[in-house]
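**Q** Got query36.cif for you, mmCIF, C-alpha atoms and all ligand atoms:
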```cif
data_coords
#
loop_
_atom_site.label_atom_id
_atom_site.label_comp_id
_atom_site.auth_asym_id
_atom_site.auth_seq_id
_atom_site.Cartn_x
_atom_site.Cartn_y
_atom_site.Cartn_z
CA MET E 25 8.04 -13.81 -14.40
CA HIS E 26 5.55 -11.35 -15.80
CA ILE E 27 2.54 -9.18 -14.99
CA ASP E 28 -0.66 -10.10 -16.78
CA GLN E 29 -2.85 -7.40 -15.36
CA LEU E 30 -2.42 -4.24 -13.32
CA LYS E 31 -5.21 -2.45 -11.47
CA LEU E 32 -4.84 0.98 -9.91
CA LYS E 33 -7.23 2.86 -7.68
CA ASN E 34 -6.51 6.48 -6.68
CA TYR E 35 -2.85 6.04 -7.46
CA ARG E 36 -1.14 9.39 -8.24
CA ASN E 37 -3.01 10.87 -11.22
CA TYR E 38 -4.94 7.64 -11.95
CA GLY E 39 -8.49 7.36 -10.61
CA GLN E 40 -9.31 3.87 -11.70
CA LEU E 41 -7.35 1.85 -14.22
CA THR E 42 -7.12 -1.74 -15.40
CA LEU E 43 -4.49 -2.74 -17.95
CA SER E 44 -3.61 -6.09 -19.48
CA PHE E 45 -0.05 -6.56 -20.61
CA GLN E 46 1.86 -8.57 -23.12
CA ASN E 47 4.35 -11.04 -21.87
CA ARG E 48 7.20 -9.29 -23.66
CA VAL E 49 7.49 -5.60 -24.51
CA ASN E 50 5.00 -2.92 -23.52
CA VAL E 51 5.61 0.64 -24.64
CA ILE E 52 4.06 3.50 -22.66
CA LEU E 53 3.88 6.56 -24.88
CA GLY E 54 2.84 10.04 -23.87
CA GLU E 55 3.73 13.70 -23.53
CA ASN E 56 5.46 15.01 -20.41
CA ALA E 57 3.60 14.95 -17.08
CA GLN E 58 0.79 12.68 -18.29
CA GLY E 59 1.45 9.72 -15.98
CA LYS E 60 4.06 7.49 -17.65
CA THR E 61 6.44 7.45 -14.71
CA ASN E 62 3.50 7.10 -12.33
CA LEU E 63 2.57 3.87 -14.10
CA MET E 64 6.12 2.52 -13.91
CA GLU E 65 6.29 3.55 -10.29
CA ALA E 66 3.04 1.66 -9.61
CA ILE E 67 4.57 -1.55 -11.01
CA TYR E 68 7.65 -0.96 -8.88
CA VAL E 69 5.47 -0.34 -5.81
CA LEU E 70 3.56 -3.55 -6.46
CA ALA E 71 6.82 -5.49 -6.25
CA MET E 72 8.70 -3.54 -3.59
CA SER E 73 5.83 -2.04 -1.55
CA LYS E 74 7.53 1.32 -1.84
CA SER E 75 8.32 3.88 -4.46
CA HIS E 76 11.69 4.25 -6.14
CA ARG E 77 11.43 8.02 -6.08
CA THR E 78 9.88 8.97 -2.75
CA SER E 79 9.92 7.62 0.77
CA ARG E 80 6.69 9.47 1.58
CA ASP E 81 3.94 6.96 0.85
CA LYS E 82 1.27 9.68 1.17
CA GLU E 83 2.44 11.21 -2.12
CA LEU E 84 1.23 8.08 -3.90
CA ILE E 85 -2.39 8.66 -2.92
CA ARG E 86 -4.38 10.64 -5.46
CA TRP E 87 -5.00 14.15 -4.20
CA ASP E 88 -8.10 14.46 -1.99
CA GLN E 89 -8.53 10.69 -1.72
CA ALA E 90 -8.26 8.55 1.39
CA PHE E 91 -6.35 5.59 0.00
CA ALA E 92 -4.43 4.26 -3.00
CA LYS E 93 -4.42 0.68 -4.18
CA VAL E 94 -2.14 -1.17 -6.59
CA GLU E 95 -3.11 -4.69 -7.51
CA GLY E 96 -1.53 -7.13 -9.94
CA HIS E 97 -2.17 -10.54 -11.44
CA LEU E 98 1.21 -12.06 -12.19
CA THR E 99 2.64 -15.35 -13.36
CA ASN E 100 5.84 -16.77 -12.05
CA ARG E 101 7.41 -20.21 -12.35
CA ASN E 102 5.08 -21.57 -9.66
CA GLY E 103 1.95 -20.36 -11.45
CA PRO E 104 -0.41 -17.40 -10.94
CA LEU E 105 0.24 -14.90 -8.20
CA HIS E 106 -1.89 -12.05 -6.88
CA MET E 107 -0.21 -9.09 -5.21
CA GLU E 108 -1.73 -6.03 -3.60
CA VAL E 109 -0.51 -2.91 -1.81
CA VAL E 110 -2.82 -0.39 -0.16
CA PHE E 111 -1.74 2.97 1.27
CA SER E 112 -4.03 4.90 3.62
CA ASN E 113 -4.00 6.99 6.79
CA GLN E 114 -3.48 3.80 8.72
CA GLY E 115 -0.26 3.12 6.85
CA LYS E 116 0.51 0.42 4.32
CA LYS E 117 -0.95 -3.05 3.90
CA VAL E 118 0.38 -5.75 1.61
CA LYS E 119 -1.34 -8.95 0.51
CA LEU E 120 0.00 -11.97 -1.27
CA ASN E 121 -2.66 -14.20 -2.83
CA HIS E 122 -5.23 -12.23 -0.77
CA ILE E 123 -3.53 -13.00 2.54
CA GLU E 124 -2.14 -10.06 4.47
CA LYS E 125 1.58 -10.19 5.23
CA LYS E 126 2.61 -8.44 8.42
CA ARG E 127 6.28 -8.56 7.60
CA LEU E 128 7.36 -6.85 4.41
CA SER E 129 10.17 -9.37 4.00
CA ASP E 130 7.45 -12.03 3.49
CA TYR E 131 6.11 -9.98 0.60
CA ILE E 132 9.11 -8.45 -1.11
CA GLY E 133 10.92 -10.90 -3.34
CA SER E 134 7.74 -12.49 -4.73
CA CYS E 135 8.08 -10.31 -7.79
CA ASN E 136 11.54 -9.22 -8.88
CA ILE E 137 11.93 -5.92 -10.64
CA VAL E 138 14.81 -4.11 -12.23
CA MET E 139 14.16 -0.45 -12.84
CA PHE E 140 16.37 1.66 -15.03
CA ALA E 141 15.48 5.35 -14.76
CA PRO E 142 17.26 8.65 -15.47
CA GLU E 143 18.29 8.82 -11.79
CA ASP E 144 20.35 5.68 -12.32
CA LEU E 145 22.57 7.53 -14.71
CA THR E 146 23.78 9.48 -11.67
CA LEU E 147 24.73 6.28 -9.87
CA VAL E 148 28.41 6.81 -10.55
CA LYS E 149 28.77 10.54 -9.94
CA GLY E 150 25.85 11.20 -7.62
CA SER E 151 25.92 11.18 -3.84
CA PRO E 152 26.96 8.06 -1.87
CA GLN E 153 23.35 7.84 -0.71
CA ILE E 154 22.28 6.95 -4.26
CA ARG E 155 24.78 4.07 -4.36
CA ARG E 156 23.75 2.77 -0.94
CA ARG E 157 20.13 2.92 -1.99
CA PHE E 158 21.00 0.97 -5.14
CA LEU E 159 22.65 -1.74 -3.03
CA ASP E 160 19.84 -1.88 -0.50
CA MET E 161 17.02 -2.06 -3.02
CA GLU E 162 18.67 -4.66 -5.22
CA MET E 163 19.86 -6.81 -2.37
CA GLY E 164 16.54 -6.60 -0.54
CA GLN E 165 14.81 -8.31 -3.45
CA ILE E 166 17.07 -11.31 -3.60
CA HIS E 167 18.01 -11.60 0.08
CA PRO E 168 14.97 -10.70 2.22
CA ILE E 169 17.08 -11.40 5.34
CA TYR E 170 19.30 -8.51 4.30
CA LEU E 171 16.33 -6.16 4.75
CA TYR E 172 15.83 -7.51 8.24
CA HIS E 173 19.45 -6.79 9.26
CA LEU E 174 19.35 -3.43 7.55
CA SER E 175 16.21 -2.33 9.36
CA GLN E 176 17.64 -3.52 12.69
CA TYR E 177 20.75 -1.53 11.94
CA HIS E 178 18.80 1.63 11.20
CA LYS E 179 16.67 1.20 14.31
CA VAL E 180 19.69 0.99 16.61
CA LEU E 181 21.52 3.69 14.65
CA LYS E 182 18.63 6.09 15.25
CA GLN E 183 18.65 5.42 19.00
CA ARG E 184 22.42 5.67 19.18
CA ASN E 185 22.46 8.93 17.25
CA GLN E 186 19.76 10.39 19.48
CA TRP E 187 21.72 9.40 22.57
CA LEU E 188 24.98 10.82 21.18
CA LYS E 189 23.18 14.05 20.37
CA ASN E 190 21.73 14.25 23.88
CA VAL E 191 25.20 13.74 25.30
CA GLN E 192 26.64 16.41 23.06
CA GLN E 193 23.91 18.82 24.16
CA LYS E 194 24.55 17.80 27.77
CA LYS E 195 20.99 16.52 28.21
CA VAL E 196 22.24 13.14 29.44
CA LYS E 197 25.49 11.91 30.96
CA ALA E 198 28.02 10.11 28.76
CA ASP E 199 27.57 6.75 30.47
CA PRO E 200 30.20 4.39 28.92
CA ALA E 201 28.16 1.26 29.76
CA MET E 202 25.17 2.65 27.90
CA LEU E 203 27.28 3.47 24.86
CA GLU E 204 28.81 0.01 24.88
CA VAL E 205 25.41 -1.71 24.86
CA MET E 206 24.26 0.34 21.91
CA THR E 207 27.52 -0.08 20.04
CA ASP E 208 27.45 -3.85 20.50
CA GLN E 209 23.92 -4.01 19.12
CA LEU E 210 24.85 -1.76 16.24
CA LEU E 211 27.95 -3.63 15.21
CA GLN E 212 26.15 -6.97 15.14
CA SER E 213 23.70 -5.82 12.48
CA ALA E 214 26.46 -3.80 10.81
CA ALA E 215 28.60 -6.92 10.40
CA HIS E 216 25.68 -8.78 8.79
CA VAL E 217 24.95 -5.90 6.43
CA ILE E 218 28.58 -5.44 5.39
CA THR E 219 29.40 -9.13 4.84
CA LYS E 220 26.25 -9.51 2.76
CA ARG E 221 27.13 -6.44 0.72
CA TYR E 222 30.58 -7.85 0.00
CA ALA E 223 29.12 -11.17 -1.14
CA PHE E 224 26.54 -9.46 -3.34
CA LEU E 225 29.11 -7.21 -4.97
CA GLU E 226 31.36 -10.11 -5.78
CA LYS E 227 28.51 -11.72 -7.69
CA LEU E 228 27.43 -8.48 -9.31
CA GLN E 229 30.99 -7.82 -10.42
CA SER E 230 31.30 -11.26 -12.00
CA TRP E 231 28.28 -10.47 -14.21
CA ALA E 232 28.98 -6.78 -14.78
CA GLU E 233 32.58 -7.13 -15.94
CA PRO E 234 31.94 -9.17 -19.13
CA ILE E 235 28.80 -7.17 -19.91
CA HIS E 236 30.70 -3.91 -19.59
CA LEU E 237 33.53 -5.24 -21.72
CA GLU E 238 31.03 -6.05 -24.44
CA ILE E 239 29.18 -2.72 -24.32
CA SER E 240 32.50 -0.89 -24.45
CA ARG E 241 33.47 -2.97 -27.49
CA GLY E 242 36.21 -4.79 -25.59
CA LYS E 243 37.91 -1.63 -24.35
CA GLU E 244 36.93 -1.27 -20.71
CA LYS E 245 37.44 -3.46 -17.67
CA LEU E 246 34.98 -2.51 -14.92
CA GLU E 247 35.54 -3.18 -11.24
CA VAL E 248 32.94 -2.46 -8.57
CA ILE E 249 34.53 -2.07 -5.18
CA TYR E 250 32.99 -1.69 -1.74
CA ALA E 251 34.41 1.36 0.01
CA PRO E 252 33.80 0.92 3.74
CA SER E 253 33.92 3.87 6.13
CA CYS E 254 36.32 2.02 8.45
CA HIS E 255 38.89 -0.76 8.41
CA VAL E 256 37.03 -3.93 7.48
CA SER E 257 37.64 -6.17 4.51
CA GLU E 258 36.06 -8.70 2.22
CA GLU E 259 38.10 -11.58 3.66
CA MET E 260 36.59 -11.21 7.14
CA ASP E 261 33.92 -13.64 8.23
CA LEU E 262 31.07 -12.48 10.46
CA SER E 263 32.82 -12.88 13.81
CA THR E 264 36.12 -11.36 12.63
CA MET E 265 34.13 -8.47 11.20
CA MET E 266 32.43 -7.89 14.57
CA ILE E 267 35.79 -7.84 16.37
CA ALA E 268 37.19 -5.42 13.79
CA LEU E 269 34.14 -3.17 14.07
CA LYS E 270 34.40 -3.14 17.85
CA GLU E 271 37.95 -1.84 17.58
CA GLU E 272 36.93 0.70 14.97
CA PHE E 273 34.13 2.01 17.13
CA SER E 274 36.40 2.42 20.13
CA ARG E 275 38.84 4.29 17.90
CA VAL E 276 36.21 6.88 16.93
CA GLU E 277 34.32 6.96 20.23
CA GLU E 278 35.66 10.27 21.43
CA ARG E 279 34.99 11.96 18.13
CA GLU E 280 31.46 10.54 18.05
CA LEU E 281 30.74 11.97 21.50
CA GLN E 282 32.03 15.35 20.39
CA ARG E 283 30.16 15.36 17.11
CA GLY E 284 26.97 13.84 18.51
CA THR E 285 26.54 11.26 15.76
CA THR E 286 27.66 7.81 14.55
CA LEU E 287 30.63 8.29 12.25
CA ILE E 288 31.27 4.83 10.83
CA GLY E 289 29.18 1.91 9.61
CA PRO E 290 27.10 0.79 6.61
CA HIS E 291 25.21 4.10 6.56
CA ARG E 292 28.52 5.81 5.69
CA ASP E 293 29.90 3.19 3.30
CA ASP E 294 30.12 3.70 -0.43
CA LEU E 295 30.91 2.06 -3.76
CA THR E 296 33.80 2.85 -6.07
CA PHE E 297 33.75 2.18 -9.79
CA ILE E 298 37.06 1.55 -11.48
CA VAL E 299 37.45 1.39 -15.25
CA ASN E 300 40.84 0.32 -16.60
CA GLU E 301 42.29 0.99 -13.16
CA ARG E 302 41.01 4.53 -12.92
CA ASN E 303 38.28 5.76 -10.60
CA ILE E 304 35.53 6.95 -12.93
CA GLN E 305 33.81 8.94 -10.20
CA THR E 306 36.60 11.43 -10.69
CA TYR E 307 37.81 10.75 -14.20
CA GLY E 308 34.95 9.08 -16.04
CA SER E 309 33.34 10.59 -19.10
CA GLN E 310 29.55 10.86 -19.30
CA GLY E 311 29.55 7.93 -21.68
CA GLN E 312 31.57 5.75 -19.32
CA GLN E 313 29.21 6.55 -16.49
CA ARG E 314 26.20 5.66 -18.61
CA THR E 315 27.80 2.43 -19.75
CA THR E 316 28.58 1.55 -16.13
CA ALA E 317 25.00 2.19 -15.02
CA LEU E 318 23.73 0.08 -17.93
CA SER E 319 26.20 -2.75 -17.24
CA LEU E 320 25.12 -2.85 -13.60
CA LYS E 321 21.45 -3.04 -14.51
CA LEU E 322 22.04 -5.80 -17.04
CA ALA E 323 24.19 -7.61 -14.47
CA GLU E 324 21.36 -7.37 -11.96
CA ILE E 325 18.97 -8.99 -14.41
CA GLU E 326 21.31 -11.97 -14.76
CA LEU E 327 21.98 -12.11 -11.05
CA ILE E 328 18.29 -12.29 -10.26
CA LYS E 329 17.88 -15.04 -12.87
CA GLU E 330 20.75 -16.97 -11.31
CA LYS E 331 19.39 -16.55 -7.79
CA THR E 332 15.65 -17.07 -8.35
CA GLY E 333 15.59 -19.17 -11.51
CA GLU E 334 13.63 -16.58 -13.47
CA TYR E 335 14.16 -13.27 -15.14
CA PRO E 336 12.82 -10.17 -13.37
CA ILE E 337 10.47 -7.63 -14.90
CA LEU E 338 12.38 -4.73 -16.43
CA LEU E 339 11.19 -1.14 -16.25
CA LEU E 340 12.93 1.30 -18.58
CA ASP E 341 11.67 4.71 -17.61
CA ASP E 342 12.67 7.35 -20.11
CA VAL E 343 16.20 6.01 -20.53
CA LEU E 344 16.26 4.58 -24.05
CA SER E 345 16.52 8.03 -25.55
CA GLU E 346 19.41 8.78 -23.15
CA LEU E 347 21.51 5.98 -24.62
CA ASP E 348 23.29 6.10 -27.96
CA ASP E 349 22.25 3.74 -30.78
CA TYR E 350 24.87 1.14 -29.96
CA ARG E 351 23.93 0.91 -26.29
CA GLN E 352 20.21 0.98 -27.10
CA THR E 353 20.63 -1.93 -29.49
CA HIS E 354 22.80 -3.82 -27.03
CA LEU E 355 20.25 -3.38 -24.28
CA LEU E 356 17.31 -4.40 -26.43
CA ASN E 357 19.15 -7.40 -27.91
CA THR E 358 20.08 -8.62 -24.45
CA ILE E 359 16.55 -8.64 -23.11
CA LYS E 360 14.85 -9.69 -26.33
CA GLY E 361 12.54 -12.64 -25.92
CA LYS E 362 13.32 -13.32 -22.29
CA VAL E 363 12.40 -10.38 -20.08
CA GLN E 364 8.99 -8.74 -19.77
CA THR E 365 9.84 -5.11 -20.35
CA PHE E 366 8.01 -1.81 -19.90
CA VAL E 367 9.40 1.16 -21.79
CA THR E 368 8.23 4.74 -21.36
CA THR E 369 9.05 7.37 -23.91
CA THR E 370 7.65 10.56 -25.37
CA SER E 371 8.35 9.27 -28.86
CA VAL E 372 9.55 6.09 -30.54
CA ASP E 373 10.89 7.99 -33.53
CA GLY E 374 14.57 7.69 -32.68
CA ILE E 375 14.34 4.10 -31.54
CA ASP E 376 14.53 1.68 -34.38
CA HIS E 377 14.44 -1.86 -33.11
CA GLU E 378 12.24 -4.76 -34.16
CA MET E 379 11.32 -5.30 -30.53
CA LEU E 380 9.57 -1.96 -30.31
CA ARG E 381 7.78 -2.48 -33.60
CA GLU E 382 6.33 -5.73 -32.26
CA ALA E 383 5.43 -4.25 -28.88
CA GLU E 384 2.07 -3.50 -27.36
CA THR E 385 1.64 0.27 -27.18
CA PHE E 386 -0.26 2.25 -24.57
CA TYR E 387 -1.00 5.96 -24.98
CA VAL E 388 -1.11 7.96 -21.77
CA GLU E 389 -2.95 11.24 -21.50
CA GLU E 390 -3.77 12.96 -18.23
CA GLY E 391 -4.07 9.79 -16.21
CA SER E 392 -6.06 7.80 -18.74
CA ILE E 393 -4.63 5.15 -21.02
CA GLN E 394 -5.58 3.85 -24.44
CA GLN E 395 -4.23 0.59 -25.72
CA LYS E 396 -3.24 -0.03 -29.32
CA GLY E 397 -2.12 -3.43 -30.52
N1 LIG O 401 -0.71 12.19 -5.65
C1 LIG O 401 -1.05 12.69 -6.85
N2 LIG O 401 -2.36 12.89 -7.17
C2 LIG O 401 -2.72 13.37 -8.37
N3 LIG O 401 -1.84 13.68 -9.35
C3 LIG O 401 -0.54 13.49 -9.11
C4 LIG O 401 -0.08 12.98 -7.86
N4 LIG O 401 1.29 12.89 -7.90
C5 LIG O 401 1.64 13.33 -9.14
N5 LIG O 401 0.55 13.69 -9.86
C6 LIG O 401 0.54 14.21 -11.24
O1 LIG O 401 1.12 13.26 -12.11
C7 LIG O 401 1.70 13.91 -13.22
C8 LIG O 401 3.13 13.46 -13.45
O2 LIG O 401 3.09 12.22 -14.00
P1 LIG O 401 4.44 11.45 -14.34
O3 LIG O 401 5.51 11.78 -13.36
O4 LIG O 401 4.07 10.04 -14.50
O5 LIG O 401 4.84 12.14 -15.70
P2 LIG O 401 5.42 11.50 -17.04
O6 LIG O 401 4.29 11.16 -17.95
O7 LIG O 401 6.36 10.42 -16.69
O8 LIG O 401 6.16 12.75 -17.62
P3 LIG O 401 7.70 13.00 -17.99
O9 LIG O 401 7.83 12.52 -19.40
O10 LIG O 401 7.76 14.49 -17.87
O11 LIG O 401 8.53 12.29 -16.98
C9 LIG O 401 1.73 15.39 -12.89
O12 LIG O 401 0.75 16.02 -13.68
C10 LIG O 401 1.41 15.46 -11.43
O13 LIG O 401 0.73 16.61 -11.10
#
```
Translate this file's structure into structure tokens.
Ligand SMILES: Nc1ncnc2c1ncn2[C@@H]1O[C@H](COP(=O)(O)OP(=O)(O)OP(=O)(O)O)[C@@H](O)[C@H]1O

**A**
Amino acid sequence: MHIDQLKLKNYRNYGQLTLSFQNRVNVILGENAQGKTNLMEAIYVLAMSKSHRTSRDKELIRWDQAFAKVEGHLTNRNGPLHMEVVFSNQGKKVKLNHIEKKRLSDYIGSCNIVMFAPEDLTLVKGSPQIRRRFLDMEMGQIHPIYLYHLSQYHKVLKQRNQWLKNVQQKKVKADPAMLEVMTDQLLQSAAHVITKRYAFLEKLQSWAEPIHLEISRGKEKLEVIYAPSCHVSEEMDLSTMMIALKEEFSRVEERELQRGTTLIGPHRDDLTFIVNERNIQTYGSQGQQRTTALSLKLAEIELIKEKTGEYPILLLDDVLSELDDYRQTHLLNTIKGKVQTFVTTTSVDGIDHEMLREAETFYVEEGSIQQKG
């Protein structure tokens, strides 16, 4: 799958912009703060209908403008595809082949994207939130139904948390029947989310392990493990998981009423990365963490290919220079000739790879772009 043309209107620091891309590698060159990441973000937004770096859609609209529009002509295995996202005061609208889609899950998944940005290098050591976000974003693309269960979960979680808070502040009575209704609703979506996460991780692991072994020159065995916030396990099917969750919720009920919030569930779950049987969150070197992040991204690319039948578009935002020569070469060799790739960098000096020499180059300066073949 690839993007042939991207059009932006009032997006971040771009007024109006139309760019045509090469099927393979496109290099976006420019000084700091000129709009390189904004361009990558726009491609991400086109695919996912939201930004990878902010949840506030308003930030995407160019200052003092009423709306922002990202539009793309793409080609996938079924032929040409037109995608469009508009942000305005009335919220967000998405269109697929010029037809508005009311449900985002009917839109997301039409264009698969893998983004590798400096933030991803904190995937291992950063907060659990970063790892959950990684799971949610990646899974949402290949299993739109996952997004449905996840949004149901968050909807009920919000209500349940509000109610628990009201009880804690003695604004409402702790009615056990009320709590049970909300808990039952919550654990149903929770069970869907958790079983799907387990299944996804098993697949991801099967791709990431050999990739990681290769990048570490045969020295490191990577395991990615789901770390749930309560006693559930991979072997449980959906109904067993619901029964287990019910027990877990009754176990923490009193504490939840005291604390005024939901203490267990997918919003508290995490991932653990083990290399050669050691947890690298605690013991990993910087290099091991980088290699892990890279292995996971490369695994995702293969996973998407396996699931959808075609390679995703790859966005490498300012990360090539963060990797050493060996990892850079490994990354570029892996994607060579098969994945449409966008690379941003302030300079190509330190990156010596035939792929970049053959690439289309775009120079970004203060929200305007010049193309050089
Ligand atoms: N909504 C907006 N409207 C107008 N300009 C914006 C908006 N949001 C961000 N900008 C501007 O975009 C620029 C940042 O662009 P971007 O993040 O793409 O930088 P970059 O080229 O990737 O730089 P770096 O190499 O430092 O990451 C800043 O000058 C910022 O002021």

**Q** Around ligand LIG 401 (chain O), out to 8 Å and counting only C-alpha atoms and all ligand atoms, which residues are there? I want them as a PDB file with C-alpha atoms, in the frame of the given file.

**A**
```pdb
ATOM      1  CA  ASN E  34      -6.510   6.480  -6.680  1.00  0.00           C
ATOM      2  CA  TYR E  35      -2.850   6.040  -7.460  1.00  0.00           C
ATOM      3  CA  ARG E  36      -1.140   9.390  -8.240  1.00  0.00           C
ATOM      4  CA  ASN E  37      -3.010  10.870 -11.220  1.00  0.00           C
ATOM      5  CA  TYR E  38      -4.940   7.640 -11.950  1.00  0.00           C
ATOM      6  CA  GLY E  54       2.840  10.040 -23.870  1.00  0.00           C
ATOM      7  CA  GLU E  55       3.730  13.700 -23.530  1.00  0.00           C
ATOM      8  CA  ASN E  56       5.460  15.010 -20.410  1.00  0.00           C
ATOM      9  CA  ALA E  57       3.600  14.950 -17.080  1.00  0.00           C
ATOM     10  CA  GLN E  58       0.790  12.680 -18.290  1.00  0.00           C
ATOM     11  CA  GLY E  59       1.450   9.720 -15.980  1.00  0.00           C
ATOM     12  CA  LYS E  60       4.060   7.490 -17.650  1.00  0.00           C
ATOM     13  CA  THR E  61       6.440   7.450 -14.710  1.00  0.00           C
ATOM     14  CA  ASN E  62       3.500   7.100 -12.330  1.00  0.00           C
ATOM     15  CA  LEU E  63       2.570   3.870 -14.100  1.00  0.00           C
ATOM     16  CA  MET E  64       6.120   2.520 -13.910  1.00  0.00           C
ATOM     17  CA  LYS E  82       1.270   9.680   1.170  1.00  0.00           C
ATOM     18  CA  GLU E  83       2.440  11.210  -2.120  1.00  0.00           C
ATOM     19  CA  LEU E  84       1.230   8.080  -3.900  1.00  0.00           C
ATOM     20  CA  ILE E  85      -2.390   8.660  -2.920  1.00  0.00           C
ATOM     21  CA  ARG E  86      -4.380  10.640  -5.460  1.00  0.00           C
ATOM     22  CA  TRP E  87      -5.000  14.150  -4.200  1.00  0.00           C
ATOM     23  CA  ASP E  88      -8.100  14.460  -1.990  1.00  0.00           C
ATOM     24  CA  ASP E 341      11.670   4.710 -17.610  1.00  0.00           C
ATOM     25  CA  ASP E 342      12.670   7.350 -20.110  1.00  0.00           C
ATOM     26  CA  THR E 368       8.230   4.740 -21.360  1.00  0.00           C
ATOM     27  CA  THR E 369       9.050   7.370 -23.910  1.00  0.00           C
ATOM     28  CA  THR E 370       7.650  10.560 -25.370  1.00  0.00           C
ATOM     29  CA  VAL E 388      -1.110   7.960 -21.770  1.00  0.00           C
ATOM     30  CA  GLU E 390      -3.770  12.960 -18.230  1.00  0.00           C
ATOM     31  CA  GLY E 391      -4.070   9.790 -16.210  1.00  0.00           C
TER      32      GLY E 391
END
```

**Q** May I ask which of the residues E:Ser371, E:Gln364, E:Ser134, E:Asn47 is the closest one to Val343 of chain E, counting all atoms listed in the file?

**A** E:Ser371

**Q** Around all the atoms of segment 263-269 of chain E listed in the file, draw an axis-aligned box and extend it by 8 Å on each of the six sides; I want its centre and edge lengths in Å to one decimal, as lines of an AutoDock Vina configuration file.

**A**
```
center_x = 34.8
center_y = -8.0
center_z = 13.8
size_x = 20.8
size_y = 25.7
size_z = 21.2
```

**Q** Restricting the calculation to all atoms listed in the file: of E:Glu95, E:Glu326, E:Glu162, E:Glu65, which residue gets closest to Ala141 of chain E?

**A**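 Using all atoms listed in the file, Ala141 of chain E sits closest to E:Glu65.
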
**Q** For a quick check of understanding, using all atoms listed in the file, which of E:Asn102, E:Met139, E:Thr332, E:His377 has the smallest distance to Asn357 of chain E?

**A** E:His377

**Q** May I have the residues within 10 Å of Leu32 of chain E as a list in words, using all atoms listed in the file and disregarding those fewer than 5 positions away in the same chain?

**A** Tyr38, Gly39, Gln40, Leu41, Thr42, Leu43, Leu63, Ala66, Ile67, Ala92, Lys93, Val94, Glu95, Gly96, Glu108 and Val109 of chain E

**Q** So that I can see what lies close to segment 358-362 of chain E, please list as a list of chain:residue names the residues with an atom at most 9 Å from it, counting all atoms listed in the file and leaving out residues fewer than 3 positions away in the same chain.

**A**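 Close residues of segment 358-362 of chain E: E:Arg48, E:Val49, E:Leu322, E:Tyr335, E:Leu338, E:Thr353, E:His354, E:Leu355, E:Thr365, E:Met379.
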